[in-house]
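Asker: Submitted below is the structure of interest, expressed as structure tokens.
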Amino acid sequence: MRSDQPPRIAKWLLLHFGSSPNNQSILGDLDERYREAPSHLWYWRQTVYALTAGLWSQVRTQKWLTLRALALGWICSFLMWPLIEAYVFLFLKDERFSGYNPRNLWTLAGSVIQYYDWWFVLIAPFAVSVLGGWLVARTHRRSERAMVLAFFAARCAVVLPLVCFLLVGMFVERQYLPGFIKLVFGNAVTLPGILLGGGMFSGSPEVRSSGRSAS
Amino acid sequence: MFYCYLFAMLEEMSKRDQLGNFELMVVLVLIRLRENAYGVPISDELEKRTGREVAIGSVYAALERLEDKGFVTSELGEPTSERGGRAKKYFRVTARGLKEVRETQRSLVNLWQGLPELQGGRI
């Protein structure tokens, strides 16, 4: 596939999620090479390599900083539970849970979550994850993109198996289907929340990164 | 616990101040290119010499490691329009980097000698 311009989505991804300190040089090099031999497939392949190699390089050279960022992000995520408990205590008063008999993990998850309101299921985890992403970015300014992405990857590593577990639960315990759907969405919204809080979508990354390198 | 183990392992790996296989190739290309060593010519030369596609992102990751080890220095050039207004970043091998390459060469030549399986270009 040939075109005068490099694939926009790939370029946008690299511009916003490239965590290498040389991200601007990489973008420039890719543009230069693309002009010589335009191939969307080549550009996409280079983008994926640049994203993964950049993140891995940052994590590898700043291991303890990454560990601190992950710990901070997770601690913030766990703040969600006291929030949920407060909600259950204040609004549901535990009455609707009386008499349920958790036979397995799916019953336990589905029977509790199905009583939560949609707005709460979506907004509480989203708000907490935005806060988590923001905290990680603010406390690791030297390499905020890499640290936010590391936290995002760690969150994905937990959310994806959980979603698979819930999808199986939808067949095993069909009566709790609304609860499972709420849990899937409640967990899924945490992923864009982290990126949004970490500032990955906002402002001009070029200006931000050049300002940082100048300081 | 898992994260601690993973990071302790990575810490141990990164303590090695030697040249990795890909890093050695990048340094040799930098020496070859002299003044014109930035991302595009480096990856072109690597592709030409190895016959394999090289990811520019991987080249920069290796260059960052080499810079951290003090084997390479860099400086920004002028921004150009064909690069979307972005500057080229030129890399150069330091005296310490050259010394390390020579030591690696000596070690590899020593290891290569006396191996009949590797003589005559056949394995």
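Just remember, in the structure tokens the first chain shown is A, the second B, etc., residues are 1-based per chain, and ligands are 1-based in the order shown.
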Can you check which residues of chain A have any atom within 7 Å of chain B? Use only C-alpha atoms and format it as a ChimeraX atom specification.
Answerer: /A:24-26,28-29,31-33,46,49-50,53-54,57,60,63
Asker: Extract, using only C-alpha atoms, all DNA, RNA and protein residues at most 8 Å from Thr94 (chain B), discarding same-chain residues fewer than 6 positions from it, and format them as a list in words.
Answerer: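 My reading of the contact set: Gly70, Phe71, Val72 and Thr73 of chain B.
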Asker: Could those residues be written to a file, using all heavy atoms, as an mmCIF file, in the first residue's frame?
Answerer:
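After the write, part_34.cif holds the following:
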data_model
loop_
_atom_site.group_PDB
_atom_site.id
_atom_site.type_symbol
_atom_site.label_atom_id
_atom_site.label_comp_id
_atom_site.auth_asym_id
_atom_site.auth_seq_id
_atom_site.Cartn_x
_atom_site.Cartn_y
_atom_site.Cartn_z
ATOM 1 N N GLY B 70 28.516 5.412 28.254
ATOM 2 C CA GLY B 70 29.605 6.336 27.936
ATOM 3 C C GLY B 70 30.382 5.943 26.695
ATOM 4 O O GLY B 70 31.479 6.445 26.460
ATOM 5 N N PHE B 71 29.833 5.053 25.870
ATOM 6 C CA PHE B 71 30.534 4.612 24.661
ATOM 7 C C PHE B 71 30.225 5.500 23.456
ATOM 8 O O PHE B 71 30.889 5.413 22.427
ATOM 9 C CB PHE B 71 30.160 3.164 24.314
ATOM 10 C CG PHE B 71 30.558 2.161 25.363
ATOM 11 C CD1 PHE B 71 29.918 0.933 25.473
ATOM 12 C CD2 PHE B 71 31.592 2.440 26.244
ATOM 13 C CE1 PHE B 71 30.283 0.020 26.449
ATOM 14 C CE2 PHE B 71 31.972 1.527 27.223
ATOM 15 C CZ PHE B 71 31.314 0.315 27.324
ATOM 16 N N VAL B 72 29.162 6.318 23.589
ATOM 17 C CA VAL B 72 28.682 7.112 22.460
ATOM 18 C C VAL B 72 28.240 8.487 22.972
ATOM 19 O O VAL B 72 27.753 8.600 24.094
ATOM 20 C CB VAL B 72 27.490 6.361 21.802
ATOM 21 C CG1 VAL B 72 26.607 7.286 21.022
ATOM 22 C CG2 VAL B 72 27.972 5.226 20.901
ATOM 23 N N THR B 73 28.450 9.529 22.156
ATOM 24 C CA THR B 73 27.884 10.853 22.486
ATOM 25 C C THR B 73 26.972 11.276 21.333
ATOM 26 O O THR B 73 27.052 10.716 20.240
ATOM 27 C CB THR B 73 28.976 11.939 22.650
ATOM 28 O OG1 THR B 73 29.755 11.959 21.463
ATOM 29 C CG2 THR B 73 29.832 11.710 23.851
#
Asker: Looking only at the backbone, which of the residues in chain B does DSSP tag as helix (DSSP H, G or I), as a PyMOL selection string?
Answerer: chain B and resi 2-14+21-36+39-50+56-69+81-83+95-112+116-121
Asker: Would you list the contacts of Val101 (chain B) as a short mmCIF file (atom, residue, chain, number, x, y, z; two decimals) with N, CA, C and O atoms, in the first residue's frame, taking every protein, DNA or RNA residue within 10 Å and counting only C-alpha atoms, but skipping same-chain residues closer than 4 positions in sequence?
Answerer:
data_model
loop_
_atom_site.label_atom_id
_atom_site.label_comp_id
_atom_site.auth_asym_id
_atom_site.auth_seq_id
_atom_site.Cartn_x
_atom_site.Cartn_y
_atom_site.Cartn_z
N GLN B 18 29.45 -4.43 29.20
CA GLN B 18 30.03 -4.89 27.95
C GLN B 18 29.11 -4.54 26.79
O GLN B 18 27.99 -4.10 26.99
N LEU B 19 29.63 -4.80 25.60
CA LEU B 19 28.83 -4.54 24.41
C LEU B 19 28.01 -5.77 24.06
O LEU B 19 28.55 -6.87 23.96
N LEU B 24 27.26 -3.86 19.51
CA LEU B 24 28.55 -3.92 18.83
C LEU B 24 28.37 -3.57 17.34
O LEU B 24 29.14 -2.79 16.78
N MET B 25 27.31 -4.12 16.73
CA MET B 25 27.05 -3.83 15.32
C MET B 25 26.81 -2.33 15.12
O MET B 25 27.30 -1.74 14.17
N VAL B 27 27.86 0.18 17.02
CA VAL B 27 29.10 0.94 17.21
C VAL B 27 29.99 0.82 15.96
O VAL B 27 30.57 1.82 15.50
N LEU B 28 30.06 -0.37 15.38
CA LEU B 28 30.89 -0.55 14.18
C LEU B 28 30.35 0.30 13.03
O LEU B 28 31.14 0.88 12.27
N PHE B 71 29.83 5.05 25.87
CA PHE B 71 30.53 4.61 24.66
C PHE B 71 30.22 5.50 23.46
O PHE B 71 30.89 5.41 22.43
N VAL B 93 31.23 7.83 18.33
CA VAL B 93 31.82 6.90 19.31
C VAL B 93 32.88 7.63 20.13
O VAL B 93 33.68 8.38 19.58
N ALA B 95 36.17 7.78 22.99
CA ALA B 95 37.43 7.05 23.13
C ALA B 95 37.20 5.77 23.95
O ALA B 95 37.76 4.71 23.66
N ARG B 96 36.34 5.88 24.94
CA ARG B 96 36.02 4.72 25.79
C ARG B 96 35.30 3.64 24.97
O ARG B 96 35.52 2.45 25.13
N GLY B 97 34.43 4.11 24.07
CA GLY B 97 33.71 3.18 23.19
C GLY B 97 34.65 2.45 22.27
O GLY B 97 34.53 1.23 22.07
N GLN B 105 36.76 -7.12 20.16
CA GLN B 105 37.33 -7.74 18.96
C GLN B 105 38.38 -8.79 19.36
O GLN B 105 38.38 -9.90 18.85
N ARG B 106 39.26 -8.39 20.29
CA ARG B 106 40.32 -9.31 20.74
C ARG B 106 39.71 -10.58 21.36
O ARG B 106 40.12 -11.69 21.04
N SER B 107 38.70 -10.39 22.19
CA SER B 107 38.05 -11.55 22.83
C SER B 107 37.41 -12.45 21.79
O SER B 107 37.55 -13.68 21.84
#
Asker: Could you name the residues that touch Gly169 (chain A) at 9 Å or less, counting only C-alpha atoms, but leaving out those on the same chain fewer than 2 positions away, as a PyMOL selection string?
Answerer: chain A and resi 105-107+110+164-167+171-174+176-177+180
Asker: Write a file of the just-selected residues containing N, CA, C and O atoms, as a PDB file, in the first residue's frame.
Answerer:
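Wrote selection16.pdb, looks like this:
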ATOM      1  N   LEU A 105     -16.633 -18.251  42.796  1.00  0.00           N
ATOM      2  CA  LEU A 105     -16.146 -16.872  42.628  1.00  0.00           C
ATOM      3  C   LEU A 105     -17.056 -16.043  41.724  1.00  0.00           C
ATOM      4  O   LEU A 105     -17.245 -14.856  41.928  1.00  0.00           O
ATOM      5  N   TRP A 106     -17.662 -16.695  40.719  1.00  0.00           N
ATOM      6  CA  TRP A 106     -18.540 -15.969  39.790  1.00  0.00           C
ATOM      7  C   TRP A 106     -19.800 -15.490  40.515  1.00  0.00           C
ATOM      8  O   TRP A 106     -20.252 -14.390  40.326  1.00  0.00           O
ATOM      9  N   THR A 107     -20.346 -16.390  41.352  1.00  0.00           N
ATOM     10  CA  THR A 107     -21.552 -16.023  42.107  1.00  0.00           C
ATOM     11  C   THR A 107     -21.255 -14.838  43.011  1.00  0.00           C
ATOM     12  O   THR A 107     -22.036 -13.900  43.111  1.00  0.00           O
ATOM     13  N   GLY A 110     -20.682 -11.666  40.678  1.00  0.00           N
ATOM     14  CA  GLY A 110     -21.900 -11.260  39.976  1.00  0.00           C
ATOM     15  C   GLY A 110     -23.003 -10.807  40.906  1.00  0.00           C
ATOM     16  O   GLY A 110     -23.678  -9.804  40.652  1.00  0.00           O
ATOM     17  N   CYS A 164     -11.594 -12.287  30.846  1.00  0.00           N
ATOM     18  CA  CYS A 164     -11.762 -13.675  30.369  1.00  0.00           C
ATOM     19  C   CYS A 164     -12.525 -14.484  31.422  1.00  0.00           C
ATOM     20  O   CYS A 164     -13.437 -15.258  31.079  1.00  0.00           O
ATOM     21  N   PHE A 165     -12.150 -14.305  32.687  1.00  0.00           N
ATOM     22  CA  PHE A 165     -12.811 -15.005  33.797  1.00  0.00           C
ATOM     23  C   PHE A 165     -14.300 -14.660  33.823  1.00  0.00           C
ATOM     24  O   PHE A 165     -15.164 -15.528  33.981  1.00  0.00           O
ATOM     25  N   LEU A 166     -14.605 -13.380  33.610  1.00  0.00           N
ATOM     26  CA  LEU A 166     -16.001 -12.942  33.649  1.00  0.00           C
ATOM     27  C   LEU A 166     -16.778 -13.439  32.436  1.00  0.00           C
ATOM     28  O   LEU A 166     -17.973 -13.760  32.539  1.00  0.00           O
ATOM     29  N   LEU A 167     -16.107 -13.520  31.298  1.00  0.00           N
ATOM     30  CA  LEU A 167     -16.782 -14.028  30.092  1.00  0.00           C
ATOM     31  C   LEU A 167     -17.176 -15.494  30.279  1.00  0.00           C
ATOM     32  O   LEU A 167     -18.249 -15.912  29.855  1.00  0.00           O
ATOM     33  N   PHE A 171     -21.431 -17.684  31.090  1.00  0.00           N
ATOM     34  CA  PHE A 171     -22.046 -18.952  30.684  1.00  0.00           C
ATOM     35  C   PHE A 171     -22.317 -19.847  31.884  1.00  0.00           C
ATOM     36  O   PHE A 171     -23.296 -20.587  31.917  1.00  0.00           O
ATOM     37  N   VAL A 172     -21.447 -19.781  32.877  1.00  0.00           N
ATOM     38  CA  VAL A 172     -21.579 -20.666  34.037  1.00  0.00           C
ATOM     39  C   VAL A 172     -22.724 -20.210  34.952  1.00  0.00           C
ATOM     40  O   VAL A 172     -23.527 -21.028  35.410  1.00  0.00           O
ATOM     41  N   GLU A 173     -22.803 -18.916  35.212  1.00  0.00           N
ATOM     42  CA  GLU A 173     -23.826 -18.372  36.123  1.00  0.00           C
ATOM     43  C   GLU A 173     -24.634 -17.304  35.375  1.00  0.00           C
ATOM     44  O   GLU A 173     -24.442 -16.108  35.575  1.00  0.00           O
ATOM     45  N   ARG A 174     -25.533 -17.762  34.517  1.00  0.00           N
ATOM     46  CA  ARG A 174     -26.246 -16.836  33.630  1.00  0.00           C
ATOM     47  C   ARG A 174     -27.110 -15.817  34.388  1.00  0.00           C
ATOM     48  O   ARG A 174     -27.347 -14.730  33.892  1.00  0.00           O
ATOM     49  N   TYR A 176     -26.404 -14.022  36.766  1.00  0.00           N
ATOM     50  CA  TYR A 176     -25.662 -12.834  37.195  1.00  0.00           C
ATOM     51  C   TYR A 176     -25.073 -12.061  36.007  1.00  0.00           C
ATOM     52  O   TYR A 176     -24.133 -11.282  36.173  1.00  0.00           O
ATOM     53  N   LEU A 177     -25.626 -12.292  34.839  1.00  0.00           N
ATOM     54  CA  LEU A 177     -25.123 -11.652  33.619  1.00  0.00           C
ATOM     55  C   LEU A 177     -24.987 -10.128  33.758  1.00  0.00           C
ATOM     56  O   LEU A 177     -23.947  -9.568  33.399  1.00  0.00           O
ATOM     57  N   PHE A 180     -21.882  -9.326  35.677  1.00  0.00           N
ATOM     58  CA  PHE A 180     -20.646  -9.583  34.931  1.00  0.00           C
ATOM     59  C   PHE A 180     -20.393  -8.484  33.907  1.00  0.00           C
ATOM     60  O   PHE A 180     -19.270  -8.022  33.745  1.00  0.00           O
TER      61      PHE A 180
END
Asker: Please provide as JSON, numbers by chain all residues within 8 Å of Ser143 (chain A), with the sequence filter that same-chain residues fewer than 4 positions apart are discarded (counting only C-alpha atoms).
Answerer: {"A": [19, 58, 147]}
Asker: For Ile31 (chain B), which residue out of B:Glu45, B:Arg52, B:Glu78, B:Glu103 is the nearest one, using only C-alpha atoms?
Answerer: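 Checking each candidate against Ile31 (chain B), we get B:Glu45 as the closest.
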Asker: CA of Leu67 (chain A) to CA of Val158 (chain A): how many Å, to one decimal?
Answerer: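 Spanning CA of Leu67 (chain A) to CA of Val158 (chain A) is a straight-line distance of 16.2 Å.
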